>>> print(open('structure-v2.csv').read())   # CSV, C-alpha atoms
chain,number,residue,atom,x,y,z
A,1,MET,CA,26.4,-45.2,71.4
A,2,SER,CA,27.2,-41.6,72.0
A,3,THR,CA,30.9,-41.8,72.9
A,4,ARG,CA,33.4,-40.7,70.3
A,5,LEU,CA,35.5,-43.6,71.4
A,6,ALA,CA,33.0,-45.9,69.9
A,7,ASP,CA,34.4,-44.9,66.5
A,8,ARG,CA,37.4,-46.8,65.2
A,9,LEU,CA,40.5,-44.7,65.7
A,10,TRP,CA,42.6,-46.7,63.2
A,11,PRO,CA,42.6,-44.5,60.1
A,12,ALA,CA,42.7,-47.1,57.4
A,13,CYS,CA,40.1,-49.6,56.1
A,14,LEU,CA,42.5,-52.6,56.2
A,15,SER,CA,43.4,-53.4,59.8
A,16,ALA,CA,46.9,-52.9,61.2
A,17,LEU,CA,47.1,-56.7,61.7
A,18,GLN,CA,46.5,-57.3,58.0
A,19,LEU,CA,49.0,-54.7,56.9
A,20,ASP,CA,51.6,-56.0,59.4
A,21,ARG,CA,51.1,-59.6,58.1
A,22,PHE,CA,51.5,-58.2,54.5
A,23,LEU,CA,54.7,-56.5,55.4
A,24,ALA,CA,56.0,-59.6,57.2
A,25,GLY,CA,55.2,-61.8,54.2
A,26,GLU,CA,52.7,-63.9,56.2
A,27,LEU,CA,49.9,-63.7,53.6
A,28,ASP,CA,49.5,-66.2,50.9
A,29,GLU,CA,49.9,-65.0,47.3
A,30,LEU,CA,46.1,-64.4,46.8
A,31,GLY,CA,45.9,-62.4,50.1
A,32,ALA,CA,49.0,-60.4,49.2
A,33,ARG,CA,47.7,-59.6,45.7
A,34,ARG,CA,44.4,-58.4,47.1
A,35,ILE,CA,46.2,-56.0,49.4
A,36,ARG,CA,48.4,-54.7,46.7
A,37,GLN,CA,45.4,-54.1,44.5
A,38,HIS,CA,43.6,-52.3,47.3
A,39,LEU,CA,46.5,-50.1,48.0
A,40,VAL,CA,46.5,-48.7,44.5
A,41,ASP,CA,43.1,-47.2,45.0
A,42,CYS,CA,43.1,-46.4,48.8
A,43,SER,CA,45.2,-43.5,49.9
A,44,ARG,CA,44.3,-44.1,53.6
A,45,CYS,CA,45.6,-47.6,53.6
A,46,ALA,CA,48.6,-46.7,51.5
A,47,GLY,CA,49.4,-43.9,53.9
A,48,ALA,CA,49.1,-46.3,56.9
A,49,LEU,CA,51.3,-48.8,55.3
A,50,GLU,CA,53.9,-46.2,54.4
A,51,GLY,CA,54.0,-45.1,58.1
A,52,MET,CA,54.5,-48.7,59.2
A,53,ARG,CA,57.3,-49.1,56.7
A,54,ALA,CA,59.0,-45.9,57.9
A,55,ALA,CA,58.9,-47.2,61.5
A,56,HIS,CA,61.1,-50.2,60.4
A,57,ASP,CA,63.9,-47.8,59.7
A,58,GLU,CA,64.2,-46.9,63.4
A,59,ARG,CA,67.1,-48.6,65.0
A,60,LEU,CA,66.0,-50.9,67.8
A,61,PRO,CA,67.9,-51.0,71.1
A,62,PHE,CA,69.8,-54.2,71.9
A,63,LEU,CA,67.7,-57.0,73.2
A,64,ARG,CA,68.5,-56.7,76.9
A,65,VAL,CA,68.5,-60.4,77.6
A,66,VAL,CA,70.8,-62.0,75.0
A,67,PRO,CA,69.3,-65.2,73.7
A,68,LEU,CA,71.7,-68.0,73.0
A,69,ALA,CA,71.5,-71.8,72.6
A,70,PRO,CA,71.5,-73.1,76.2
A,71,ARG,CA,74.1,-75.9,75.8
A,72,ALA,CA,76.3,-74.6,73.0
A,73,ARG,CA,79.8,-75.8,73.1
A,74,ARG,CA,80.9,-73.3,70.7
A,75,TRP,CA,79.5,-69.8,70.5
A,76,ARG,CA,79.3,-68.8,66.9
A,77,ARG,CA,79.0,-65.2,65.8
A,78,ALA,CA,76.0,-65.4,63.5
A,79,ALA,CA,76.8,-64.1,60.1
A,80,ALA,CA,75.0,-61.0,59.3
A,81,ALA,CA,73.6,-62.4,56.1
A,82,GLY,CA,71.3,-59.6,55.2
A,83,ALA,CA,69.9,-56.5,56.8
A,84,GLY,CA,67.2,-58.4,58.7
A,85,ILE,CA,69.7,-60.2,60.8
A,86,ALA,CA,72.4,-57.6,61.1
A,87,ALA,CA,71.9,-57.6,64.8
A,88,ALA,CA,72.7,-61.2,65.1
A,89,ALA,CA,76.3,-60.1,65.3
A,90,SER,CA,75.5,-59.3,68.9
A,91,LEU,CA,75.4,-63.0,69.7
A,92,LEU,CA,78.4,-64.2,71.6
A,93,LEU,CA,80.9,-66.8,70.7
A,94,LEU,CA,81.8,-69.7,72.9
A,95,VAL,CA,85.3,-70.8,72.5
A,96,GLN,CA,87.4,-73.4,74.3
A,97,ALA,CA,89.6,-71.7,76.8
A,98,PRO,CA,90.8,-72.3,80.4
A,99,GLY,CA,88.4,-71.1,83.0
A,100,GLU,CA,88.6,-69.7,86.5
A,101,ARG,CA,88.5,-72.9,88.6
A,102,VAL,CA,87.6,-73.3,92.2
A,103,LYS,CA,90.7,-75.0,93.4
A,104,GLY,CA,90.1,-78.7,94.0
A,105,SER,CA,86.4,-78.7,93.4
A,106,GLY,CA,86.1,-79.2,89.7
A,107,PHE,CA,83.6,-76.4,89.4
A,108,ALA,CA,84.5,-73.5,87.1
A,109,LEU,CA,82.7,-70.5,85.7
A,110,ARG,CA,83.8,-68.7,82.6
A,111,MET,CA,82.7,-65.4,81.3
A,112,TYR,CA,82.7,-64.3,77.7
A,113,VAL,CA,82.3,-60.8,76.5
A,114,GLU,CA,81.3,-59.4,73.1
A,115,HIS,CA,82.6,-56.0,72.1
A,116,ALA,CA,82.0,-54.4,68.7
A,117,GLY,CA,81.2,-57.8,67.2
A,118,GLU,CA,84.3,-59.5,68.6
A,119,VAL,CA,84.1,-62.1,71.4
A,120,ARG,CA,86.8,-63.0,73.9
A,121,ARG,CA,87.1,-64.8,77.1
A,122,ALA,CA,87.1,-62.5,80.1
A,123,GLY,CA,89.7,-63.0,82.7
A,124,PRO,CA,90.1,-61.4,86.1
A,125,GLY,CA,90.5,-57.6,85.7
A,126,GLU,CA,89.2,-57.7,82.2
A,127,THR,CA,88.4,-54.3,80.7
A,128,VAL,CA,84.9,-54.1,79.1
A,129,ALA,CA,82.6,-51.3,78.0
A,130,PRO,CA,79.0,-50.3,78.6
A,131,GLY,CA,76.8,-52.1,76.1
A,132,ASP,CA,79.0,-55.1,75.8
A,133,ALA,CA,77.2,-58.4,76.1
A,134,VAL,CA,78.4,-61.0,78.6
A,135,ARG,CA,77.5,-64.6,79.0
A,136,PHE,CA,78.7,-67.3,81.4
A,137,ALA,CA,79.5,-71.0,80.9
A,138,ALA,CA,79.7,-73.5,83.8
A,139,THR,CA,81.8,-76.6,84.3
A,140,ALA,CA,80.4,-78.9,87.0
A,141,PRO,CA,81.5,-82.5,87.8
A,142,ALA,CA,78.1,-83.0,89.4
A,143,LYS,CA,74.7,-81.5,89.2
A,144,ALA,CA,74.7,-78.1,91.0
A,145,TYR,CA,72.5,-75.1,91.6
A,146,VAL,CA,74.2,-72.2,89.9
A,147,ALA,CA,73.9,-68.4,90.3
A,148,VAL,CA,76.0,-65.5,89.1
A,149,LEU,CA,75.8,-62.2,91.1
A,150,SER,CA,77.6,-58.9,90.6
A,151,LEU,CA,78.4,-55.8,92.6
A,152,ASP,CA,79.0,-52.7,90.5
A,153,SER,CA,81.1,-49.7,91.3
A,154,ALA,CA,78.1,-47.8,92.5
A,155,GLY,CA,77.5,-50.4,95.1
A,156,ARG,CA,74.5,-52.0,93.4
A,157,ALA,CA,74.3,-55.8,93.5
A,158,SER,CA,72.3,-57.7,90.9
A,159,VAL,CA,71.8,-61.3,89.8
A,160,TYR,CA,73.0,-62.0,86.3
A,161,PHE,CA,71.8,-65.6,86.3
A,162,PRO,CA,69.2,-67.0,86.6
A,163,LEU,CA,66.1,-64.9,86.0
A,164,GLY,CA,64.2,-66.7,88.8
A,165,GLU,CA,64.5,-66.1,92.5
A,166,ARG,CA,66.6,-69.2,93.3
A,167,ALA,CA,69.8,-70.7,92.0
A,168,GLU,CA,69.1,-72.8,89.0
A,169,ALA,CA,70.0,-76.5,88.4
A,170,VAL,CA,72.8,-77.1,85.9
A,171,GLU,CA,73.5,-80.7,84.8
A,172,PRO,CA,77.1,-82.0,85.1
A,173,GLY,CA,79.3,-81.2,82.1
A,174,ALA,CA,82.1,-79.1,80.8
A,175,GLU,CA,81.4,-75.7,79.3
A,176,VAL,CA,77.7,-75.7,79.8
A,177,ALA,CA,76.6,-72.3,78.6
A,178,LEU,CA,74.1,-70.8,80.9
A,179,PRO,CA,70.9,-70.0,79.1
A,180,LEU,CA,70.9,-66.2,79.4
A,181,GLY,CA,73.4,-63.5,78.7
A,182,THR,CA,73.3,-59.8,79.7
A,183,ARG,CA,74.1,-56.5,78.3
A,184,LEU,CA,76.2,-54.3,80.6
A,185,ASP,CA,74.7,-51.1,81.7
A,186,ALA,CA,76.3,-47.6,81.7
A,187,THR,CA,77.8,-47.8,85.2
A,188,VAL,CA,81.5,-47.6,84.8
A,189,GLY,CA,84.2,-48.7,87.2
A,190,GLU,CA,85.1,-52.1,88.7
A,191,GLU,CA,82.4,-54.7,88.9
A,192,ARG,CA,82.8,-57.8,91.0
A,193,ILE,CA,81.4,-61.1,90.0
A,194,VAL,CA,80.5,-64.0,92.3
A,195,GLY,CA,79.7,-67.4,90.9
A,196,LEU,CA,77.9,-69.9,93.2
A,197,PHE,CA,77.7,-73.7,92.7
A,198,CYS,CA,75.4,-75.0,95.4
A,199,SER,CA,73.9,-78.2,96.6
A,200,SER,CA,70.4,-76.7,96.9
A,201,PRO,CA,68.4,-74.0,95.1
A,202,LEU,CA,69.3,-71.2,97.4
A,203,GLU,CA,67.1,-68.1,97.5
A,204,LEU,CA,69.1,-65.3,95.9
A,205,GLU,CA,67.6,-62.1,97.1
A,206,PRO,CA,69.1,-62.4,100.6
A,207,LEU,CA,72.5,-63.1,99.0
A,208,ARG,CA,72.1,-60.1,96.7
A,209,VAL,CA,71.3,-57.9,99.7
A,210,GLN,CA,74.4,-59.3,101.6
A,211,LEU,CA,76.6,-58.5,98.6
A,212,GLU,CA,75.2,-55.0,98.4
A,213,ARG,CA,76.0,-54.5,102.1
A,214,GLY,CA,79.6,-55.5,101.5
A,215,ILE,CA,79.4,-58.9,103.1
A,216,SER,CA,81.5,-61.5,101.4
A,217,LEU,CA,79.3,-64.4,100.1
A,218,ALA,CA,80.2,-67.9,101.4
A,219,PRO,CA,76.8,-69.7,101.7
A,220,ASP,CA,76.8,-73.1,103.3
A,221,GLY,CA,76.9,-75.9,100.7
A,222,CYS,CA,78.2,-73.7,98.0
A,223,GLN,CA,81.5,-73.5,96.0
A,224,VAL,CA,82.3,-69.9,95.3
A,225,THR,CA,84.2,-68.3,92.4
A,226,ARG,CA,85.1,-64.6,92.3
A,227,TRP,CA,86.7,-62.2,90.0
A,228,SER,CA,86.2,-58.7,88.7
A,229,PHE,CA,86.2,-56.7,85.5
A,230,VAL,CA,86.5,-53.0,84.8
A,231,LYS,CA,84.0,-51.2,82.8
A,232,ARG,CA,85.0,-47.9,81.0
B,1,MET,CA,59.4,-73.7,63.8
B,2,THR,CA,62.8,-74.1,65.3
B,3,LEU,CA,63.3,-71.3,67.9
B,4,ASP,CA,66.7,-71.2,69.4
B,5,GLY,CA,68.3,-68.0,70.7
B,6,ALA,CA,69.6,-66.8,67.4
B,7,ALA,CA,66.1,-67.2,65.9
B,8,ILE,CA,64.6,-65.2,68.7
B,9,GLU,CA,67.2,-62.4,68.1
B,10,ARG,CA,66.4,-62.4,64.4
B,11,LEU,CA,62.7,-62.2,65.2
B,12,TYR,CA,63.4,-59.3,67.5
B,13,ARG,CA,65.1,-57.4,64.7
B,14,SER,CA,62.6,-58.2,62.0
B,15,HIS,CA,59.4,-57.9,64.1
B,16,GLY,CA,60.3,-55.7,67.1
B,17,HIS,CA,59.1,-52.6,65.3
B,18,LEU,CA,55.5,-53.7,65.3
B,19,VAL,CA,55.7,-54.4,69.1
B,20,LEU,CA,57.2,-51.0,69.7
B,21,ARG,CA,54.7,-49.2,67.6
B,22,ARG,CA,51.7,-50.8,69.3
B,23,ALA,CA,53.2,-50.4,72.8
B,24,ARG,CA,53.8,-46.7,72.2
B,25,LEU,CA,50.2,-46.3,71.1
B,26,LEU,CA,48.8,-48.3,74.0
B,27,LEU,CA,51.0,-46.9,76.7
B,28,GLY,CA,51.7,-43.4,75.5
B,29,SER,CA,55.1,-43.4,77.1
B,30,GLU,CA,58.4,-44.0,75.4
B,31,PRO,CA,60.2,-45.6,78.4
B,32,ASP,CA,57.2,-47.9,79.1
B,33,ALA,CA,57.0,-48.8,75.4
B,34,GLN,CA,60.7,-49.7,75.4
B,35,GLU,CA,60.1,-51.8,78.5
B,36,ALA,CA,57.2,-53.6,76.8
B,37,LEU,CA,59.4,-54.3,73.7
B,38,GLN,CA,62.0,-56.0,76.0
B,39,GLU,CA,59.4,-57.9,78.0
B,40,VAL,CA,57.5,-59.3,75.1
B,41,PHE,CA,60.6,-60.9,73.7
B,42,ALA,CA,61.8,-61.9,77.1
B,43,SER,CA,58.6,-63.8,77.6
B,44,LEU,CA,59.4,-65.6,74.3
B,45,LEU,CA,62.8,-66.6,75.7
B,46,ARG,CA,61.1,-68.1,78.7
B,47,ALA,CA,58.4,-69.9,76.8
B,48,PRO,CA,59.3,-70.4,73.1
B,49,GLN,CA,56.7,-73.1,72.8
B,50,ASP,CA,54.0,-70.4,72.9
B,51,LEU,CA,55.2,-69.1,69.6
B,52,ARG,CA,55.8,-72.6,68.1
B,53,SER,CA,52.1,-73.4,68.7
B,54,ALA,CA,50.9,-70.1,67.3
B,55,GLY,CA,49.8,-70.0,63.6
B,56,SER,CA,51.2,-66.6,63.0
B,57,VAL,CA,54.2,-64.8,64.4
B,58,VAL,CA,52.6,-61.4,63.8
B,59,GLY,CA,49.4,-62.6,65.5
B,60,TRP,CA,51.3,-63.9,68.5
B,61,LEU,CA,53.2,-60.6,68.9
B,62,TYR,CA,49.9,-58.7,68.7
B,63,ARG,CA,48.4,-60.8,71.5
B,64,ALA,CA,51.5,-60.7,73.7
B,65,THR,CA,51.9,-56.9,73.3
B,66,THR,CA,48.2,-56.3,74.0
B,67,HIS,CA,48.3,-58.5,77.1
B,68,PHE,CA,51.4,-56.9,78.5
B,69,CYS,CA,50.3,-53.3,77.8
B,70,LEU,CA,46.8,-53.8,79.2
B,71,ASN,CA,48.4,-55.2,82.4
B,72,GLN,CA,50.6,-52.2,82.5
B,73,LEU,CA,47.7,-49.8,82.2
B,74,ARG,CA,45.9,-51.7,85.0
B,75,ASN,CA,49.0,-51.5,87.1
B,76,ARG,CA,49.3,-47.8,86.6
B,77,ARG,CA,45.7,-47.4,87.7
B,78,THR,CA,46.3,-49.6,90.7
B,79,GLY,CA,49.1,-47.2,91.5
B,80,ALA,CA,46.4,-44.5,91.7
B,81,ARG,CA,47.7,-42.6,88.7
B,82,LEU,CA,45.5,-42.4,85.7
B,83,LEU,CA,47.1,-41.4,82.4
B,84,GLN,CA,45.1,-38.5,81.1
B,85,ASP,CA,48.1,-36.3,81.6
B,86,ARG,CA,50.6,-38.6,79.9
B,87,VAL,CA,52.0,-37.3,76.6
B,88,ALA,CA,51.2,-39.4,73.7
B,89,PRO,CA,54.1,-40.0,71.3
B,90,ALA,CA,54.2,-38.3,67.9
B,91,LEU,CA,52.4,-40.6,65.6
B,92,GLY,CA,52.8,-38.7,62.3
B,93,PRO,CA,55.6,-40.7,60.7
B,94,SER,CA,54.4,-44.2,61.7
B,95,GLY,CA,50.7,-43.7,61.0
B,96,GLY,CA,48.0,-44.7,63.3
B,97,PRO,CA,45.1,-43.2,65.1
B,98,SER,CA,44.8,-39.6,66.2
B,99,PRO,CA,46.6,-39.1,69.5
B,100,ASP,CA,43.9,-36.8,70.8
B,101,ALA,CA,41.6,-39.5,72.2
B,102,LEU,CA,44.3,-41.8,73.3
B,103,PRO,CA,45.1,-40.7,76.9
B,104,GLU,CA,41.4,-40.9,77.6
B,105,LEU,CA,41.0,-44.3,76.0
B,106,ARG,CA,44.0,-45.6,78.0
B,107,SER,CA,42.5,-44.6,81.3
B,108,LEU,CA,39.2,-46.2,80.3
B,109,LEU,CA,40.8,-49.4,79.1
B,110,ALA,CA,42.5,-49.8,82.5
B,111,ARG,CA,39.1,-49.9,84.1
B,112,MET,CA,37.4,-52.4,81.7
B,113,PRO,CA,37.2,-56.2,82.1
B,114,ALA,CA,40.3,-57.7,80.5
B,115,ALA,CA,38.7,-59.5,77.5
B,116,ALA,CA,36.5,-56.5,76.7
B,117,ALA,CA,39.5,-54.2,76.9
B,118,ALA,CA,41.5,-56.4,74.5
B,119,ALA,CA,38.6,-56.5,72.1
B,120,ALA,CA,38.3,-52.7,72.3
B,121,VAL,CA,42.0,-52.3,71.5
B,122,TYR,CA,41.8,-54.6,68.5
B,123,HIS,CA,38.7,-52.9,67.2
B,124,HIS,CA,39.5,-49.2,68.0
B,125,LEU,CA,43.2,-49.0,67.7
B,126,ASP,CA,44.0,-51.7,65.2
B,127,GLY,CA,40.9,-51.5,63.1
B,128,MET,CA,40.4,-55.3,63.1
B,129,THR,CA,37.3,-57.0,61.7
B,130,TYR,CA,35.3,-59.3,63.9
B,131,ASP,CA,36.9,-62.3,62.3
B,132,GLU,CA,40.4,-61.0,63.1
B,133,ILE,CA,39.4,-60.2,66.7
B,134,ALA,CA,37.9,-63.6,67.0
B,135,GLU,CA,41.2,-65.1,65.9
B,136,MET,CA,43.2,-63.0,68.3
B,137,LEU,CA,41.0,-63.8,71.3
B,138,GLY,CA,40.3,-67.5,70.3
B,139,CYS,CA,36.6,-67.0,70.5
B,140,SER,CA,33.6,-66.8,68.1
B,141,ARG,CA,32.4,-63.8,66.2
B,142,ARG,CA,29.3,-63.7,68.4
B,143,GLN,CA,31.5,-63.5,71.4
B,144,VAL,CA,33.4,-60.7,69.8
B,145,GLY,CA,30.1,-58.8,69.3
B,146,TYR,CA,29.2,-59.4,73.0
B,147,LEU,CA,32.7,-58.2,74.2
B,148,LEU,CA,32.6,-55.0,72.0
B,149,GLN,CA,29.1,-54.3,73.2
B,150,ARG,CA,30.3,-54.7,76.8
B,151,ALA,CA,33.3,-52.5,76.1
B,152,GLN,CA,31.1,-49.8,74.6
B,153,GLN,CA,28.8,-49.9,77.6
B,154,SER,CA,31.7,-49.6,79.9
B,155,LEU,CA,33.1,-46.7,77.9
B,156,ALA,CA,29.7,-44.9,78.0
B,157,ARG,CA,29.3,-45.5,81.7
B,158,LEU,CA,32.8,-44.4,82.5
B,159,GLU,CA,32.5,-41.3,80.4
B,160,GLN,CA,29.3,-40.3,82.0
B,161,SER,CA,30.8,-40.7,85.5
B,162,ALA,CA,33.9,-38.8,84.5
>>> encode(input="structure-v2.csv", output="structure tokens")
Amino acid sequence: MSTRLADRLWPACLSALQLDRFLAGELDELGARRIRQHLVDCSRCAGALEGMRAAHDERLPFLRVVPLAPRARRWRRAAAAGAGIAAAASLLLLVQAPGERVKGSGFALRMYVEHAGEVRRAGPGETVAPGDAVRFAATAPAKAYVAVLSLDSAGRASVYFPLGERAEAVEPGAEVALPLGTRLDATVGEERIVGLFCSSPLELEPLRVQLERGISLAPDGCQVTRWSFVKR
Amino acid sequence: MTLDGAAIERLYRSHGHLVLRRARLLLGSEPDAQEALQEVFASLLRAPQDLRSAGSVVGWLYRATTHFCLNQLRNRRTGARLLQDRVAPALGPSGGPSPDALPELRSLLARMPAAAAAAAVYHHLDGMTYDEIAEMLGCSRRQVGYLLQRAQQSLARLEQSA
């Protein structure tokens, strides 16, 4: 084979996979001991490992989709017990608090916001900051298809929940935390939130487009909650 | 393995660097690598059972990153833009292969059959043994040999036609 790409481009004799497993503590004691012994005599592998270790010092961005337990009744701020889980402080808390209720319907949507490690329930007109994490919790007396949309100050509409193209079923219950949270982007100004509780899994893109065009959302078969927050 | 949201976030913090490192290598673009980092862990949120059934967290992340990045390279090609002119990231501090050959390799990977491209990545960029590649791809050593041979033939053919 004449091509220079036929040669291995990885500079060490131990594979990147093996060194990553060593760093992650996945190898058994015998395997780890073999690596340690090899590193003593092999400068190429030692150098590669050193480079991989150095990369761990880089600060990772926030995980854009905030993972939380889907039906938590109480959001607990995870204790940052050690450097490896320091970022767990970005998890949101779920606390009992009155929500924004659609009058007479029994459906309610609540938003919680985490800022600098502290979590609070967001009310109408709440002031938040770019990079804050938000998450929603739904109260529904009957099974409903739920979606949460937003319109930011730049006129861009987006769907906060769910990830899919249609409103997602939420079982009846109080304070059912929706499975995904979101980190707020850098667009400052007032952002309007629309929560939908529907009798069918509505397609969301047409609704997002309507919202972006300034049309007030009131789809048939849906209960609607609205409020806004200010990002600055 | 219990894998709730908090566990996934911890995993992101402890293992995200290896995803980012490999995505930078494979994609040669910082924004694309950051996107890959988010997408790999987002896929875990959508299907945590994938990781539960995997024997090794590191191995699963290697597979997921390779799969996502090769798809991205193919998508770029579909978009009629090959990547020879993309700037490879600085590799000095984090180790790894020489950046000189990477833009060329990326454009070639985008044109190879998927399994052969994955085998080539594991062999050329990660320095894996046949046994390790077989584990990654879930196939036999013999199949790995066949895939690498096919990859090399593709590389030679593509280089000749370039």
>>> closest_residue(input="structure-v2.csv", among="B:Met128, B:Cys139, B:Leu73, B:Met112", to="Leu27 of chain B", atoms="only C-alpha atoms")
B:Leu73
>>> closest_residue(input="structure-v2.csv", among="B:Ala118, B:Val58, B:Val144, B:Cys69", to="chain A", atoms="only C-alpha atoms")
B:Val58
>>> closest_residue(input="structure-v2.csv", among="A:Asp41, A:Asp20, A:Glu203, A:Glu175", to="chain B", atoms="only C-alpha atoms")
A:Asp20
>>> closest_residue(input="structure-v2.csv", among="A:Ala55, A:Leu30, A:Ala140, A:Ala169", to="chain B", atoms="all atoms listed in the file")
A:Ala55
>>> atom_distance(input="structure-v2.csv", atom1="atom CA of Pro113 of chain B", atom2="atom CA of His67 of chain B")
12.4 Å
>>> atom_distance(input="structure-v2.csv", atom1="atom CA of Asp185 of chain A", atom2="atom CA of Gly131 of chain A")
6.1 Å
>>> closest_residue(input="structure-v2.csv", among="B:Gly59, B:Arg52, B:Thr65, B:Glu39", to="Arg21 of chain B", atoms="all atoms listed in the file")
B:Thr65
>>> closest_residue(input="structure-v2.csv", among="A:Ser153, A:Thr127, A:Thr182, A:Thr187", to="chain B", atoms="only C-alpha atoms")
A:Thr182
>>> atom_distance(input="structure-v2.csv", atom1="atom CA of Lys231 of chain A", atom2="atom CA of Glu191 of chain A")
7.2 Å
>>> residues_around(input="structure-v2.csv", residues="Glu35 of chain B", least_positions_apart="2", cutoff="12 Å", atoms="all atoms listed in the file", output="PyMOL selection string")
(chain A and resi 61-64) or (chain B and resi 19-20+23-24+27+29-33+37-42+65+68-69+72)
>>> write_last_selection(input="structure-v2.csv", atoms="C-alpha atoms", output="PDB file, keeping the file's coordinate frame")
ATOM      1  CA  PRO A  61      67.900 -51.000  71.100  1.00  0.00           C
ATOM      2  CA  PHE A  62      69.800 -54.200  71.900  1.00  0.00           C
ATOM      3  CA  LEU A  63      67.700 -57.000  73.200  1.00  0.00           C
ATOM      4  CA  ARG A  64      68.500 -56.700  76.900  1.00  0.00           C
TER       5      ARG A  64
ATOM      6  CA  VAL B  19      55.700 -54.400  69.100  1.00  0.00           C
ATOM      7  CA  LEU B  20      57.200 -51.000  69.700  1.00  0.00           C
ATOM      8  CA  ALA B  23      53.200 -50.400  72.800  1.00  0.00           C
ATOM      9  CA  ARG B  24      53.800 -46.700  72.200  1.00  0.00           C
ATOM     10  CA  LEU B  27      51.000 -46.900  76.700  1.00  0.00           C
ATOM     11  CA  SER B  29      55.100 -43.400  77.100  1.00  0.00           C
ATOM     12  CA  GLU B  30      58.400 -44.000  75.400  1.00  0.00           C
ATOM     13  CA  PRO B  31      60.200 -45.600  78.400  1.00  0.00           C
ATOM     14  CA  ASP B  32      57.200 -47.900  79.100  1.00  0.00           C
ATOM     15  CA  ALA B  33      57.000 -48.800  75.400  1.00  0.00           C
ATOM     16  CA  LEU B  37      59.400 -54.300  73.700  1.00  0.00           C
ATOM     17  CA  GLN B  38      62.000 -56.000  76.000  1.00  0.00           C
ATOM     18  CA  GLU B  39      59.400 -57.900  78.000  1.00  0.00           C
ATOM     19  CA  VAL B  40      57.500 -59.300  75.100  1.00  0.00           C
ATOM     20  CA  PHE B  41      60.600 -60.900  73.700  1.00  0.00           C
ATOM     21  CA  ALA B  42      61.800 -61.900  77.100  1.00  0.00           C
ATOM     22  CA  THR B  65      51.900 -56.900  73.300  1.00  0.00           C
ATOM     23  CA  PHE B  68      51.400 -56.900  78.500  1.00  0.00           C
ATOM     24  CA  CYS B  69      50.300 -53.300  77.800  1.00  0.00           C
ATOM     25  CA  GLN B  72      50.600 -52.200  82.500  1.00  0.00           C
TER      26      GLN B  72
END
>>> residues_around(input="structure-v2.csv", residues="Tyr146 of chain B", least_positions_apart="5", cutoff="10 Å", atoms="all atoms listed in the file", output="ChimeraX atom specification")
/B:116,119,140-141,151-152
>>> write_last_selection(input="structure-v2.csv", atoms="C-alpha atoms", output="compact mmCIF listing (two decimals), keeping the file's coordinate frame")
# COMPACT_ATOMS: atom_id res chain seq x y z
CA ALA B 116 36.50 -56.50 76.70
CA ALA B 119 38.60 -56.50 72.10
CA SER B 140 33.60 -66.80 68.10
CA ARG B 141 32.40 -63.80 66.20
CA ALA B 151 33.30 -52.50 76.10
CA GLN B 152 31.10 -49.80 74.60
